[in-house]
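Here is input-v9.pdb, consisting of PDB, N, CA and C atoms:
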ATOM      1  N   MET M 955      34.395  14.722 -13.986
ATOM      2  CA  MET M 955      33.880  13.396 -13.692
ATOM      3  C   MET M 955      32.723  13.470 -12.700
ATOM      4  N   THR M 956      32.868  14.243 -11.657
ATOM      5  CA  THR M 956      31.827  14.363 -10.648
ATOM      6  C   THR M 956      30.560  14.970 -11.235
ATOM      7  N   ASP M 957      30.715  15.934 -12.131
ATOM      8  CA  ASP M 957      29.542  16.565 -12.735
ATOM      9  C   ASP M 957      28.714  15.560 -13.535
ATOM     10  N   ARG M 958      29.383  14.645 -14.227
ATOM     11  CA  ARG M 958      28.649  13.640 -15.000
ATOM     12  C   ARG M 958      27.888  12.700 -14.081
ATOM     13  N   LEU M 959      28.503  12.302 -12.981
ATOM     14  CA  LEU M 959      27.827  11.446 -12.017
ATOM     15  C   LEU M 959      26.608  12.172 -11.456
ATOM     16  N   PHE M 960      26.766  13.432 -11.142
ATOM     17  CA  PHE M 960      25.655  14.224 -10.633
ATOM     18  C   PHE M 960      24.539  14.307 -11.667
ATOM     19  N   ASP M 961      24.893  14.581 -12.906
ATOM     20  CA  ASP M 961      23.891  14.686 -13.967
ATOM     21  C   ASP M 961      23.146  13.367 -14.166
ATOM     22  N   ARG M 962      23.864  12.255 -14.144
ATOM     23  CA  ARG M 962      23.218  10.945 -14.290
ATOM     24  C   ARG M 962      22.292  10.668 -13.109
ATOM     25  N   THR M 963      22.735  11.040 -11.941
ATOM     26  CA  THR M 963      21.927  10.815 -10.745
ATOM     27  C   THR M 963      20.659  11.644 -10.784
ATOM     28  N   VAL M 964      20.779  12.903 -11.149
ATOM     29  CA  VAL M 964      19.610  13.774 -11.200
ATOM     30  C   VAL M 964      18.612  13.294 -12.240
ATOM     31  N   THR M 965      19.078  12.825 -13.380
ATOM     32  CA  THR M 965      18.160  12.357 -14.419
ATOM     33  C   THR M 965      17.518  11.032 -14.030
ATOM     34  N   ALA M 966      18.131  10.277 -13.151
ATOM     35  CA  ALA M 966      17.568   9.002 -12.727
ATOM     36  C   ALA M 966      16.437   9.180 -11.705
ATOM     37  N   VAL M 967      16.350  10.347 -11.099
ATOM     38  CA  VAL M 967      15.303  10.602 -10.103
ATOM     39  C   VAL M 967      13.981  10.836 -10.824
ATOM     40  N   VAL M 968      12.988  10.039 -10.474
ATOM     41  CA  VAL M 968      11.667  10.148 -11.098
ATOM     42  C   VAL M 968      10.617  10.372 -10.001
ATOM     43  N   PRO M 969       9.473  10.939 -10.351
ATOM     44  CA  PRO M 969       8.417  11.135  -9.354
ATOM     45  C   PRO M 969       7.895   9.799  -8.817
ATOM     46  N   VAL M 970       7.371   9.835  -7.606
ATOM     47  CA  VAL M 970       6.783   8.627  -7.034
ATOM     48  C   VAL M 970       5.446   8.351  -7.706
ATOM     49  N   GLU M 971       4.940   7.161  -7.532
ATOM     50  CA  GLU M 971       3.704   6.715  -8.175
ATOM     51  C   GLU M 971       2.546   6.817  -7.175
ATOM     52  N   PRO M 972       1.695   7.837  -7.306
ATOM     53  CA  PRO M 972       0.609   8.016  -6.334
ATOM     54  C   PRO M 972      -0.407   6.869  -6.345
ATOM     55  N   ASP M 973      -0.611   6.214  -7.483
ATOM     56  CA  ASP M 973      -1.547   5.085  -7.532
ATOM     57  C   ASP M 973      -1.053   3.914  -6.682
ATOM     58  N   ALA M 974       0.251   3.687  -6.684
ATOM     59  CA  ALA M 974       0.814   2.610  -5.868
ATOM     60  C   ALA M 974       0.697   2.948  -4.391
ATOM     61  N   ALA M 975       0.864   4.217  -4.033
ATOM     62  CA  ALA M 975       0.701   4.635  -2.640
ATOM     63  C   ALA M 975      -0.749   4.428  -2.204
ATOM     64  N   ALA M 976      -1.694   4.763  -3.066
ATOM     65  CA  ALA M 976      -3.109   4.566  -2.756
ATOM     66  C   ALA M 976      -3.423   3.076  -2.615
ATOM     67  N   ALA M 977      -2.825   2.262  -3.458
ATOM     68  CA  ALA M 977      -3.032   0.812  -3.372
ATOM     69  C   ALA M 977      -2.477   0.271  -2.061
ATOM     70  N   ALA M 978      -1.356   0.815  -1.611
ATOM     71  CA  ALA M 978      -0.773   0.390  -0.334
ATOM     72  C   ALA M 978      -1.697   0.781   0.819
ATOM     73  N   ASP M 979      -2.270   1.982   0.751
ATOM     74  CA  ASP M 979      -3.226   2.408   1.780
ATOM     75  C   ASP M 979      -4.436   1.479   1.802
ATOM     76  N   ALA M 980      -4.945   1.138   0.625
ATOM     77  CA  ALA M 980      -6.102   0.250   0.537
ATOM     78  C   ALA M 980      -5.763  -1.140   1.078
ATOM     79  N   ARG M 981      -4.564  -1.601   0.787
ATOM     80  CA  ARG M 981      -4.142  -2.918   1.277
ATOM     81  C   ARG M 981      -4.026  -2.914   2.790
ATOM     82  N   GLN M 982      -3.467  -1.851   3.360
ATOM     83  CA  GLN M 982      -3.355  -1.735   4.819
ATOM     84  C   GLN M 982      -4.738  -1.748   5.467
ATOM     85  N   ALA M 983      -5.721  -1.153   4.785
ATOM     86  CA  ALA M 983      -7.065  -1.036   5.347
ATOM     87  C   ALA M 983      -7.781  -2.387   5.472
ATOM     88  N   VAL M 984      -7.405  -3.374   4.659
ATOM     89  CA  VAL M 984      -8.090  -4.664   4.714
ATOM     90  C   VAL M 984      -7.341  -5.718   5.526
ATOM     91  N   LEU M 985      -6.168  -5.376   6.029
ATOM     92  CA  LEU M 985      -5.424  -6.330   6.848
ATOM     93  C   LEU M 985      -6.091  -6.491   8.215
ATOM     94  N   THR M 986      -5.960  -7.664   8.810
ATOM     95  CA  THR M 986      -6.559  -7.940  10.104
ATOM     96  C   THR M 986      -5.662  -7.386  11.201
ATOM     97  N   LYS M 987      -5.830  -6.116  11.450
ATOM     98  CA  LYS M 987      -5.073  -5.405  12.487
ATOM     99  C   LYS M 987      -5.762  -4.074  12.713
ATOM    100  N   PRO M 988      -5.599  -3.495  13.877
ATOM    101  CA  PRO M 988      -6.171  -2.161  14.084
ATOM    102  C   PRO M 988      -5.463  -1.143  13.179
ATOM    103  N   PRO M 989      -6.223  -0.217  12.570
ATOM    104  CA  PRO M 989      -5.602   0.805  11.713
ATOM    105  C   PRO M 989      -4.544   1.608  12.481
ATOM    106  N   GLY M 990      -3.380   1.742  11.876
ATOM    107  CA  GLY M 990      -2.298   2.518  12.490
ATOM    108  C   GLY M 990      -1.489   1.772  13.528
ATOM    109  N   SER M 991      -1.817   0.502  13.774
ATOM    110  CA  SER M 991      -1.133  -0.231  14.841
ATOM    111  C   SER M 991       0.329  -0.522  14.536
ATOM    112  N   LEU M 992       0.711  -0.492  13.270
ATOM    113  CA  LEU M 992       2.111  -0.736  12.925
ATOM    114  C   LEU M 992       2.934   0.546  12.868
ATOM    115  N   GLY M 993       2.284   1.671  13.122
ATOM    116  CA  GLY M 993       2.978   2.950  13.204
ATOM    117  C   GLY M 993       3.761   3.293  11.953
ATOM    118  N   ALA M 994       5.044   3.556  12.155
ATOM    119  CA  ALA M 994       5.909   4.003  11.063
ATOM    120  C   ALA M 994       6.076   2.941   9.979
ATOM    121  N   LEU M 995       5.873   1.674  10.297
ATOM    122  CA  LEU M 995       6.005   0.626   9.283
ATOM    123  C   LEU M 995       4.941   0.776   8.192
ATOM    124  N   GLU M 996       3.753   1.241   8.566
ATOM    125  CA  GLU M 996       2.710   1.452   7.568
ATOM    126  C   GLU M 996       3.112   2.572   6.607
ATOM    127  N   ASP M 997       3.662   3.642   7.153
ATOM    128  CA  ASP M 997       4.130   4.755   6.309
ATOM    129  C   ASP M 997       5.287   4.310   5.424
ATOM    130  N   LEU M 998       6.176   3.506   5.976
ATOM    131  CA  LEU M 998       7.303   3.004   5.195
ATOM    132  C   LEU M 998       6.826   2.141   4.033
ATOM    133  N   GLY M 999       5.849   1.264   4.286
ATOM    134  CA  GLY M 999       5.296   0.440   3.228
ATOM    135  C   GLY M 999       4.655   1.277   2.133
ATOM    136  N   ARG M1000       3.954   2.331   2.544
ATOM    137  CA  ARG M1000       3.321   3.238   1.572
ATOM    138  C   ARG M1000       4.381   3.923   0.716
ATOM    139  N   ARG M1001       5.434   4.423   1.370
ATOM    140  CA  ARG M1001       6.505   5.111   0.627
ATOM    141  C   ARG M1001       7.249   4.163  -0.298
ATOM    142  N   LEU M1002       7.537   2.951   0.179
ATOM    143  CA  LEU M1002       8.220   1.977  -0.683
ATOM    144  C   LEU M1002       7.373   1.628  -1.902
ATOM    145  N   SER M1003       6.070   1.481  -1.694
ATOM    146  CA  SER M1003       5.181   1.203  -2.831
ATOM    147  C   SER M1003       5.200   2.352  -3.825
ATOM    148  N   ALA M1004       5.127   3.580  -3.318
ATOM    149  CA  ALA M1004       5.124   4.750  -4.200
ATOM    150  C   ALA M1004       6.432   4.865  -4.973
ATOM    151  N   ILE M1005       7.538   4.577  -4.324
ATOM    152  CA  ILE M1005       8.843   4.656  -4.984
ATOM    153  C   ILE M1005       8.981   3.546  -6.024
ATOM    154  N   ALA M1006       8.582   2.317  -5.644
ATOM    155  CA  ALA M1006       8.730   1.166  -6.547
ATOM    156  C   ALA M1006       7.690   1.180  -7.660
ATOM    157  N   GLY M1007       6.549   1.844  -7.404
ATOM    158  CA  GLY M1007       5.493   1.878  -8.401
ATOM    159  C   GLY M1007       4.642   0.630  -8.422
ATOM    160  N   SER M1008       4.691  -0.158  -7.336
ATOM    161  CA  SER M1008       3.874  -1.364  -7.268
ATOM    162  C   SER M1008       3.504  -1.662  -5.823
ATOM    163  N   CYS M1009       2.375  -2.360  -5.674
ATOM    164  CA  CYS M1009       1.936  -2.754  -4.342
ATOM    165  C   CYS M1009       1.578  -4.222  -4.388
ATOM    166  N   PRO M1010       2.156  -5.038  -3.559
ATOM    167  CA  PRO M1010       3.168  -4.685  -2.583
ATOM    168  C   PRO M1010       4.511  -4.392  -3.247
ATOM    169  N   PRO M1011       5.335  -3.605  -2.557
ATOM    170  CA  PRO M1011       6.642  -3.283  -3.150
ATOM    171  C   PRO M1011       7.535  -4.511  -3.167
ATOM    172  N   PRO M1012       8.525  -4.532  -4.037
ATOM    173  CA  PRO M1012       9.451  -5.676  -4.037
ATOM    174  C   PRO M1012      10.255  -5.719  -2.736
ATOM    175  N   VAL M1013      10.636  -6.908  -2.344
ATOM    176  CA  VAL M1013      11.452  -7.053  -1.138
ATOM    177  C   VAL M1013      12.833  -6.479  -1.435
ATOM    178  N   PRO M1014      13.301  -5.547  -0.586
ATOM    179  CA  PRO M1014      14.625  -4.954  -0.834
ATOM    180  C   PRO M1014      15.718  -6.013  -0.817
ATOM    181  N   GLY M1015      16.707  -5.836  -1.679
ATOM    182  CA  GLY M1015      17.853  -6.734  -1.696
ATOM    183  C   GLY M1015      18.819  -6.429  -0.563
ATOM    184  N   ALA M1016      19.893  -7.104  -0.539
ATOM    185  CA  ALA M1016      20.905  -6.859   0.493
ATOM    186  C   ALA M1016      21.461  -5.448   0.342
ATOM    187  N   PRO M1017      21.658  -4.732   1.450
ATOM    188  CA  PRO M1017      22.196  -3.371   1.360
ATOM    189  C   PRO M1017      23.636  -3.391   0.849
ATOM    190  N   ALA M1018      24.000  -2.339   0.179
ATOM    191  CA  ALA M1018      25.368  -2.249  -0.363
ATOM    192  C   ALA M1018      26.321  -1.797   0.722
TER     193      ALA M1018
END
Output the file's structure as structure tokens, nothing else.
Amino acid sequence: MTDRLFDRTVTAVVPVEPDAAAAADARQAVLTKPPGSLGALEDLGRRLSAIAGSCPPPVPGAPA
């Protein structure tokens, strides 16, 4: 049983979307704020966009 769950999980993992990450970087660049002023939040937004494949990324739902 555990092996099947592992196999399903591994097959569900897909590469991130570099175009969405680039779009997130471009979006951050036009916001009215000093570049890098949000620190780790900017990196998080970039990663979420790359994972979701869209910019802006969807708002996360309630945690499980």
Shell of 6 Å around segment 998-1014 of chain M, all atoms listed in the file, local chain residues under 6 positions omitted, as an NGL selection string: :M and (970-972 or 974-975 or 977-979)
Taking the DSSP assignment computed from this structure's backbone, write out as a VMD selection string all residues of chain M that belong to helix (DSSP H, G or I). chain M and resid 956 to 966 972 to 984 994 to 1006
Distance of atom N of Ser991 of chain M from atom C of Ala976 of chain M, expressed in Å to one decimal place: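 Between atom C of Ala976 of chain M and atom N of Ser991 of chain M the gap works out to 16.7 Å.
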Between atom N of Asp997 of chain M and atom CA of Val984 of chain M, what is the distance in Å, rounded to a tenth?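 Those two atoms sit 14.6 Å apart.
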Point-to-point distance in Å for atom C of Asp973 of chain M and atom N of Leu985 of chain M: 16.6 Å
